[in-house]
>>> print(open('final36.cif').read())   # mmCIF, C-alpha atoms
data_entry
#
loop_
_atom_site.label_atom_id
_atom_site.label_comp_id
_atom_site.auth_asym_id
_atom_site.auth_seq_id
_atom_site.Cartn_x
_atom_site.Cartn_y
_atom_site.Cartn_z
CA MET H 1 32.93 21.34 -71.01
CA THR H 2 30.77 22.86 -68.29
CA PHE H 3 27.55 21.03 -67.39
CA LYS H 4 24.41 22.80 -68.54
CA SER H 5 20.98 21.49 -67.60
CA HIS H 6 18.32 21.58 -70.29
CA MET H 7 15.47 20.84 -67.90
CA GLN H 8 14.01 24.35 -68.24
CA SER H 9 13.68 23.76 -71.99
CA ALA H 10 12.00 20.42 -71.29
CA LEU H 11 9.60 22.19 -68.93
CA ALA H 12 8.81 24.75 -71.64
CA GLN H 13 7.95 21.87 -73.97
CA ALA H 14 5.75 20.34 -71.26
CA ARG H 15 3.89 23.62 -70.78
CA ALA H 16 3.35 23.91 -74.53
CA ALA H 17 1.99 20.34 -74.57
CA ALA H 18 -0.48 21.26 -71.81
CA THR H 19 -1.79 24.22 -73.83
CA ARG H 20 -2.50 21.76 -76.68
CA GLY H 21 -4.44 19.51 -74.27
CA GLU H 22 -1.67 16.93 -74.06
CA VAL H 23 -0.34 15.47 -70.82
CA PRO H 24 2.41 17.97 -69.94
CA VAL H 25 5.61 16.03 -70.45
CA GLY H 26 8.55 17.57 -72.29
CA ALA H 27 11.87 16.23 -73.47
CA VAL H 28 15.13 17.59 -74.87
CA LEU H 29 17.86 15.46 -76.46
CA VAL H 30 21.37 16.91 -76.44
CA ALA H 31 24.41 15.85 -78.50
CA PRO H 32 27.75 15.13 -76.83
CA ASP H 33 29.00 18.57 -77.94
CA GLY H 34 26.09 20.26 -76.13
CA ASP H 35 24.00 21.10 -79.19
CA VAL H 36 20.27 20.49 -78.84
CA LEU H 37 19.30 17.84 -81.38
CA ALA H 38 15.56 17.72 -80.68
CA GLN H 39 12.91 18.91 -78.26
CA ALA H 40 9.24 18.03 -78.01
CA GLY H 41 6.25 17.68 -75.77
CA ASN H 42 3.78 14.82 -75.76
CA GLN H 43 1.70 14.60 -78.95
CA THR H 44 -0.32 11.41 -78.46
CA ARG H 45 -3.70 13.12 -78.94
CA GLU H 46 -2.56 15.54 -81.61
CA LEU H 47 -1.05 12.75 -83.76
CA SER H 48 -3.54 10.03 -82.71
CA ASP H 49 -0.46 7.98 -81.87
CA PRO H 50 -0.12 6.23 -78.50
CA THR H 51 3.66 6.08 -79.00
CA ALA H 52 4.06 9.86 -79.49
CA HIS H 53 5.50 10.44 -76.03
CA ALA H 54 7.97 13.32 -75.80
CA GLU H 55 10.91 10.92 -75.35
CA ILE H 56 10.04 8.88 -78.44
CA LEU H 57 9.56 12.01 -80.54
CA VAL H 58 12.99 13.44 -79.67
CA ILE H 59 14.71 10.07 -80.15
CA ARG H 60 13.14 9.74 -83.62
CA GLU H 61 14.06 13.29 -84.62
CA ALA H 62 17.65 13.06 -83.36
CA ALA H 63 18.21 9.66 -85.00
CA LEU H 64 16.97 11.04 -88.34
CA LYS H 65 19.09 14.16 -87.95
CA LEU H 66 22.24 12.13 -87.16
CA GLY H 67 21.43 9.35 -89.64
CA THR H 68 21.87 6.60 -87.06
CA GLU H 69 19.77 4.60 -84.61
CA ARG H 70 22.52 4.88 -81.98
CA LEU H 71 22.57 8.08 -79.97
CA SER H 72 25.74 7.22 -78.06
CA GLY H 73 27.03 10.01 -75.87
CA CYS H 74 23.74 11.93 -75.98
CA ASP H 75 21.85 13.22 -72.95
CA LEU H 76 18.07 13.11 -72.56
CA TYR H 77 16.19 15.52 -70.29
CA VAL H 78 12.57 14.68 -69.56
CA THR H 79 10.17 16.20 -67.05
CA LEU H 80 8.65 12.88 -65.91
CA GLU H 81 10.12 9.46 -65.23
CA PRO H 82 9.96 7.58 -68.54
CA CYS H 83 7.35 4.85 -68.92
CA PRO H 84 8.47 1.29 -69.76
CA MET H 85 8.06 1.90 -73.53
CA CYS H 86 10.22 5.03 -73.42
CA ALA H 87 12.80 3.43 -71.11
CA ALA H 88 13.19 0.54 -73.58
CA ALA H 89 13.63 3.04 -76.43
CA ILE H 90 16.24 4.95 -74.41
CA SER H 91 18.13 1.71 -73.88
CA ALA H 92 17.85 0.69 -77.55
CA ALA H 93 19.08 4.14 -78.65
CA ARG H 94 22.11 3.80 -76.34
CA ILE H 95 21.52 7.22 -74.76
CA ALA H 96 24.37 7.95 -72.34
CA ARG H 97 22.60 9.92 -69.62
CA LEU H 98 18.97 10.32 -68.59
CA TYR H 99 17.95 13.30 -66.46
CA TYR H 100 14.35 13.38 -65.31
CA GLY H 101 12.14 15.43 -63.02
CA ALA H 102 9.19 13.89 -61.21
CA ASP H 103 8.87 10.21 -60.36
CA ASP H 104 5.86 8.43 -61.86
CA PRO H 105 4.63 5.85 -59.33
CA LYS H 106 1.69 4.91 -61.56
CA SER H 107 3.35 4.46 -64.97
CA GLY H 108 7.11 4.82 -64.50
CA GLY H 109 9.57 2.34 -65.88
CA VAL H 110 12.89 3.48 -64.43
CA SER H 111 12.82 3.77 -60.63
CA THR H 112 9.28 2.43 -60.20
CA GLY H 113 7.27 -0.22 -62.00
CA PRO H 114 9.23 -2.71 -64.09
CA ARG H 115 12.58 -0.88 -63.77
CA ILE H 116 13.58 -1.55 -67.37
CA PHE H 117 17.26 -0.72 -66.90
CA SER H 118 17.58 -3.37 -64.17
CA HIS H 119 16.53 -6.21 -66.47
CA PRO H 120 19.24 -8.45 -67.92
CA GLN H 121 17.56 -7.92 -71.31
CA ALA H 122 18.37 -4.19 -71.29
CA HIS H 123 20.76 -3.64 -74.20
CA HIS H 124 22.26 -0.59 -72.57
CA VAL H 125 21.89 1.12 -69.21
CA PRO H 126 22.27 4.90 -69.19
CA GLU H 127 23.45 6.91 -66.23
CA VAL H 128 20.27 8.09 -64.51
CA TYR H 129 19.84 11.34 -62.60
CA ASP H 130 16.40 11.87 -61.10
CA GLY H 131 14.72 14.69 -59.23
CA ILE H 132 15.90 17.47 -61.58
CA ALA H 133 13.27 20.25 -61.22
CA ALA H 134 10.99 17.57 -59.76
CA GLU H 135 8.72 19.94 -57.86
CA GLU H 136 8.09 22.14 -60.88
CA SER H 137 7.45 19.08 -63.06
CA ARG H 138 5.11 17.55 -60.48
CA ALA H 139 3.20 20.82 -59.99
CA LEU H 140 2.68 21.18 -63.74
CA LEU H 141 1.21 17.67 -63.96
CA GLN H 142 -0.95 18.09 -60.87
CA SER H 143 -2.45 21.38 -62.05
CA PHE H 144 -3.12 19.90 -65.51
CA PHE H 145 -5.03 16.95 -64.08
CA ALA H 146 -6.82 19.09 -61.47
CA GLU H 147 -8.23 21.22 -64.31
CA LYS H 148 -9.42 18.06 -66.11
CA ARG H 149 -11.44 16.90 -63.09
#
>>> encode(input="final36.cif", output="structure tokens")
Amino acid sequence: MTFKSHMQSALAQARAAATRGEVPVGAVLVAPDGDVLAQAGNQTRELSDPTAHAEILVIREAALKLGTERLSGCDLYVTLEPCPMCAAAISAARIARLYYGADDPKSGGVSTGPRIFSHPQAHHVPEVYDGIAAEESRALLQSFFAEKR
């Protein structure tokens, strides 16, 4: 199977989140056969749910769709480095590969902050690929927050 990045779809979800007034983060979860299982942007404000990050939303949807809490072999594309909560959920879901765009020095949980996958308590450590469309992801976040100020 030829590798196909789904980061542009994640960016589209992030842009849609921004138009709804949400922090522009988007995620796409892909099955081992390449089918898209779920895609979402942040919905914390819309759902009044502090856990409604894009990553959590796609993990929930894919798990329901597959009828299992284990998403073994699946790939997750997200525009921003996952926070500690999302990184723990990625580990618990046994996601095979994580592809993300911009680093998050303030709230990240993968390559910055607590580095969840480095802890001995991590149930599973996915392969991590960072910097995918990082500039576009970063620019989207920066313009969103510049407009808020």
>>> atom_distance(input="final36.cif", atom1="atom CA of Ala18 of chain H", atom2="atom CA of Glu127 of chain H")
28.5 Å
>>> atom_distance(input="final36.cif", atom1="atom CA of Arg94 of chain H", atom2="atom CA of Ile116 of chain H")
13.5 Å
>>> closest_atom_pairs(input="final36.cif", of="segment 20-129 of chain H", to="segment 12-16 of chain H", cutoff="10 Å", atoms="all atoms listed in the file", output="CSV")
residue,atom,partner,partner_atom,distance
H:Arg20,CA,H:Ala16,CA,6.6
H:Gly21,CA,H:Ala16,CA,9.0
H:Glu22,CA,H:Ala16,CA,8.6
H:Val23,CA,H:Ala14,CA,7.8
H:Pro24,CA,H:Ala14,CA,4.3
H:Val25,CA,H:Ala14,CA,4.4
H:Gly26,CA,H:Ala14,CA,4.1
H:Ala27,CA,H:Gln13,CA,6.9
H:Val28,CA,H:Gln13,CA,8.4
H:Gln39,CA,H:Gln13,CA,7.2
H:Ala40,CA,H:Gln13,CA,5.7
H:Gly41,CA,H:Gln13,CA,4.9
H:Asn42,CA,H:Ala14,CA,7.4
H:Ala54,CA,H:Ala14,CA,8.6
H:Val78,CA,H:Ala14,CA,9.0
H:Thr79,CA,H:Ala14,CA,7.4
H:Leu80,CA,H:Ala14,CA,9.6
>>> axis_aligned_box(input="final36.cif", around="segment 122-129 of chain H", padding_each_side="8 Å", output="JSON")
{"center_x": 20.9, "center_y": 3.6, "center_z": -68.4, "size_x": 21.1, "size_y": 31.5, "size_z": 27.6}
>>> resolve_selection(input="final36.cif", expression="the PyMOL selection byres ((chain H and resi 32) around 9)", output="mmCIF file with C-alpha atoms, in the coordinates of the input")
data_model
loop_
_atom_site.group_PDB
_atom_site.id
_atom_site.type_symbol
_atom_site.label_atom_id
_atom_site.label_comp_id
_atom_site.auth_asym_id
_atom_site.auth_seq_id
_atom_site.Cartn_x
_atom_site.Cartn_y
_atom_site.Cartn_z
ATOM 1 C CA VAL H 30 21.370 16.910 -76.440
ATOM 2 C CA ALA H 31 24.410 15.850 -78.500
ATOM 3 C CA ASP H 33 29.000 18.570 -77.940
ATOM 4 C CA GLY H 34 26.090 20.260 -76.130
ATOM 5 C CA ASP H 35 24.000 21.100 -79.190
ATOM 6 C CA SER H 72 25.740 7.220 -78.060
ATOM 7 C CA GLY H 73 27.030 10.010 -75.870
ATOM 8 C CA CYS H 74 23.740 11.930 -75.980
ATOM 9 C CA ASP H 75 21.850 13.220 -72.950
#
>>> atom_distance(input="final36.cif", atom1="atom CA of Gly109 of chain H", atom2="atom CA of Pro82 of chain H")
5.9 Å
>>> closest_residue(input="final36.cif", among="H:Thr68, H:Tyr77, H:Thr112, H:Pro84", to="Thr51 of chain H", atoms="all atoms listed in the file")
H:Pro84
>>> residues_around(input="final36.cif", residues="Ile59 of chain H", least_positions_apart="6", cutoff="9 Å", atoms="all atoms listed in the file", output="JSON list (two decimals) with C-alpha atoms, in the frame of the given file")
[["chain", "number", "residue", "atom", "x", "y", "z"],
["H", 29, "LEU", "CA", 17.86, 15.46, -76.46],
["H", 38, "ALA", "CA", 15.56, 17.72, -80.68],
["H", 69, "GLU", "CA", 19.77, 4.60, -84.61],
["H", 71, "LEU", "CA", 22.57, 8.08, -79.97],
["H", 76, "LEU", "CA", 18.07, 13.11, -72.56],
["H", 89, "ALA", "CA", 13.63, 3.04, -76.43],
["H", 90, "ILE", "CA", 16.24, 4.95, -74.41],
["H", 93, "ALA", "CA", 19.08, 4.14, -78.65]]
>>> resolve_selection(input="final36.cif", expression="the PyMOL selection byres ((chain H and resi 99-107) around 6)", output="list of chain:residue names")
H:Tyr77, H:Val78, H:Thr79, H:Leu80, H:Glu81, H:Cys83, H:Leu98, H:Gly108, H:Thr112, H:Tyr129, H:Asp130, H:Gly131, H:Ile132, H:Ala133, H:Ala134, H:Ser137, H:Arg138
>>> closest_residue(input="final36.cif", among="H:Ala139, H:Ala62, H:Ala87, H:Ala92", to="Pro114 of chain H", atoms="all atoms listed in the file")
H:Ala87
>>> build_atoms(input="final36.cif", residues="segment 70-84 of chain H", atoms="N, CA and C atoms", output="PDB file, in the frame of the given file")
ATOM      1  N   ARG H  70      21.758   4.817 -83.228  1.00  0.00           N
ATOM      2  CA  ARG H  70      22.520   4.880 -81.980  1.00  0.00           C
ATOM      3  C   ARG H  70      22.813   6.319 -81.617  1.00  0.00           C
ATOM      4  N   LEU H  71      22.369   6.714 -80.453  1.00  0.00           N
ATOM      5  CA  LEU H  71      22.570   8.080 -79.970  1.00  0.00           C
ATOM      6  C   LEU H  71      23.603   8.088 -78.853  1.00  0.00           C
ATOM      7  N   SER H  72      24.668   7.355 -79.061  1.00  0.00           N
ATOM      8  CA  SER H  72      25.740   7.220 -78.060  1.00  0.00           C
ATOM      9  C   SER H  72      26.290   8.581 -77.672  1.00  0.00           C
ATOM     10  N   GLY H  73      26.472   8.764 -76.385  1.00  0.00           N
ATOM     11  CA  GLY H  73      27.030  10.010 -75.870  1.00  0.00           C
ATOM     12  C   GLY H  73      26.007  11.108 -75.664  1.00  0.00           C
ATOM     13  N   CYS H  74      24.781  10.900 -76.105  1.00  0.00           N
ATOM     14  CA  CYS H  74      23.740  11.930 -75.980  1.00  0.00           C
ATOM     15  C   CYS H  74      23.101  11.911 -74.601  1.00  0.00           C
ATOM     16  N   ASP H  75      22.557  13.055 -74.213  1.00  0.00           N
ATOM     17  CA  ASP H  75      21.850  13.220 -72.950  1.00  0.00           C
ATOM     18  C   ASP H  75      20.379  13.483 -73.240  1.00  0.00           C
ATOM     19  N   LEU H  76      19.502  12.887 -72.433  1.00  0.00           N
ATOM     20  CA  LEU H  76      18.070  13.110 -72.560  1.00  0.00           C
ATOM     21  C   LEU H  76      17.550  13.719 -71.273  1.00  0.00           C
ATOM     22  N   TYR H  77      16.854  14.846 -71.411  1.00  0.00           N
ATOM     23  CA  TYR H  77      16.190  15.520 -70.290  1.00  0.00           C
ATOM     24  C   TYR H  77      14.704  15.343 -70.491  1.00  0.00           C
ATOM     25  N   VAL H  78      14.012  14.866 -69.467  1.00  0.00           N
ATOM     26  CA  VAL H  78      12.570  14.680 -69.560  1.00  0.00           C
ATOM     27  C   VAL H  78      11.944  15.051 -68.211  1.00  0.00           C
ATOM     28  N   THR H  79      10.771  15.655 -68.262  1.00  0.00           N
ATOM     29  CA  THR H  79      10.170  16.200 -67.050  1.00  0.00           C
ATOM     30  C   THR H  79       9.561  15.138 -66.143  1.00  0.00           C
ATOM     31  N   LEU H  80       9.280  13.953 -66.681  1.00  0.00           N
ATOM     32  CA  LEU H  80       8.650  12.880 -65.910  1.00  0.00           C
ATOM     33  C   LEU H  80       9.412  11.586 -66.137  1.00  0.00           C
ATOM     34  N   GLU H  81       9.486  10.775 -65.105  1.00  0.00           N
ATOM     35  CA  GLU H  81      10.120   9.460 -65.230  1.00  0.00           C
ATOM     36  C   GLU H  81       9.570   8.734 -66.456  1.00  0.00           C
ATOM     37  N   PRO H  82      10.437   8.281 -67.340  1.00  0.00           N
ATOM     38  CA  PRO H  82       9.960   7.580 -68.540  1.00  0.00           C
ATOM     39  C   PRO H  82       9.168   6.314 -68.209  1.00  0.00           C
ATOM     40  N   CYS H  83       8.150   6.073 -69.034  1.00  0.00           N
ATOM     41  CA  CYS H  83       7.350   4.850 -68.920  1.00  0.00           C
ATOM     42  C   CYS H  83       8.189   3.669 -69.443  1.00  0.00           C
ATOM     43  N   PRO H  84       7.709   2.454 -69.269  1.00  0.00           N
ATOM     44  CA  PRO H  84       8.470   1.290 -69.760  1.00  0.00           C
ATOM     45  C   PRO H  84       8.776   1.354 -71.263  1.00  0.00           C
TER      46      PRO H  84
END
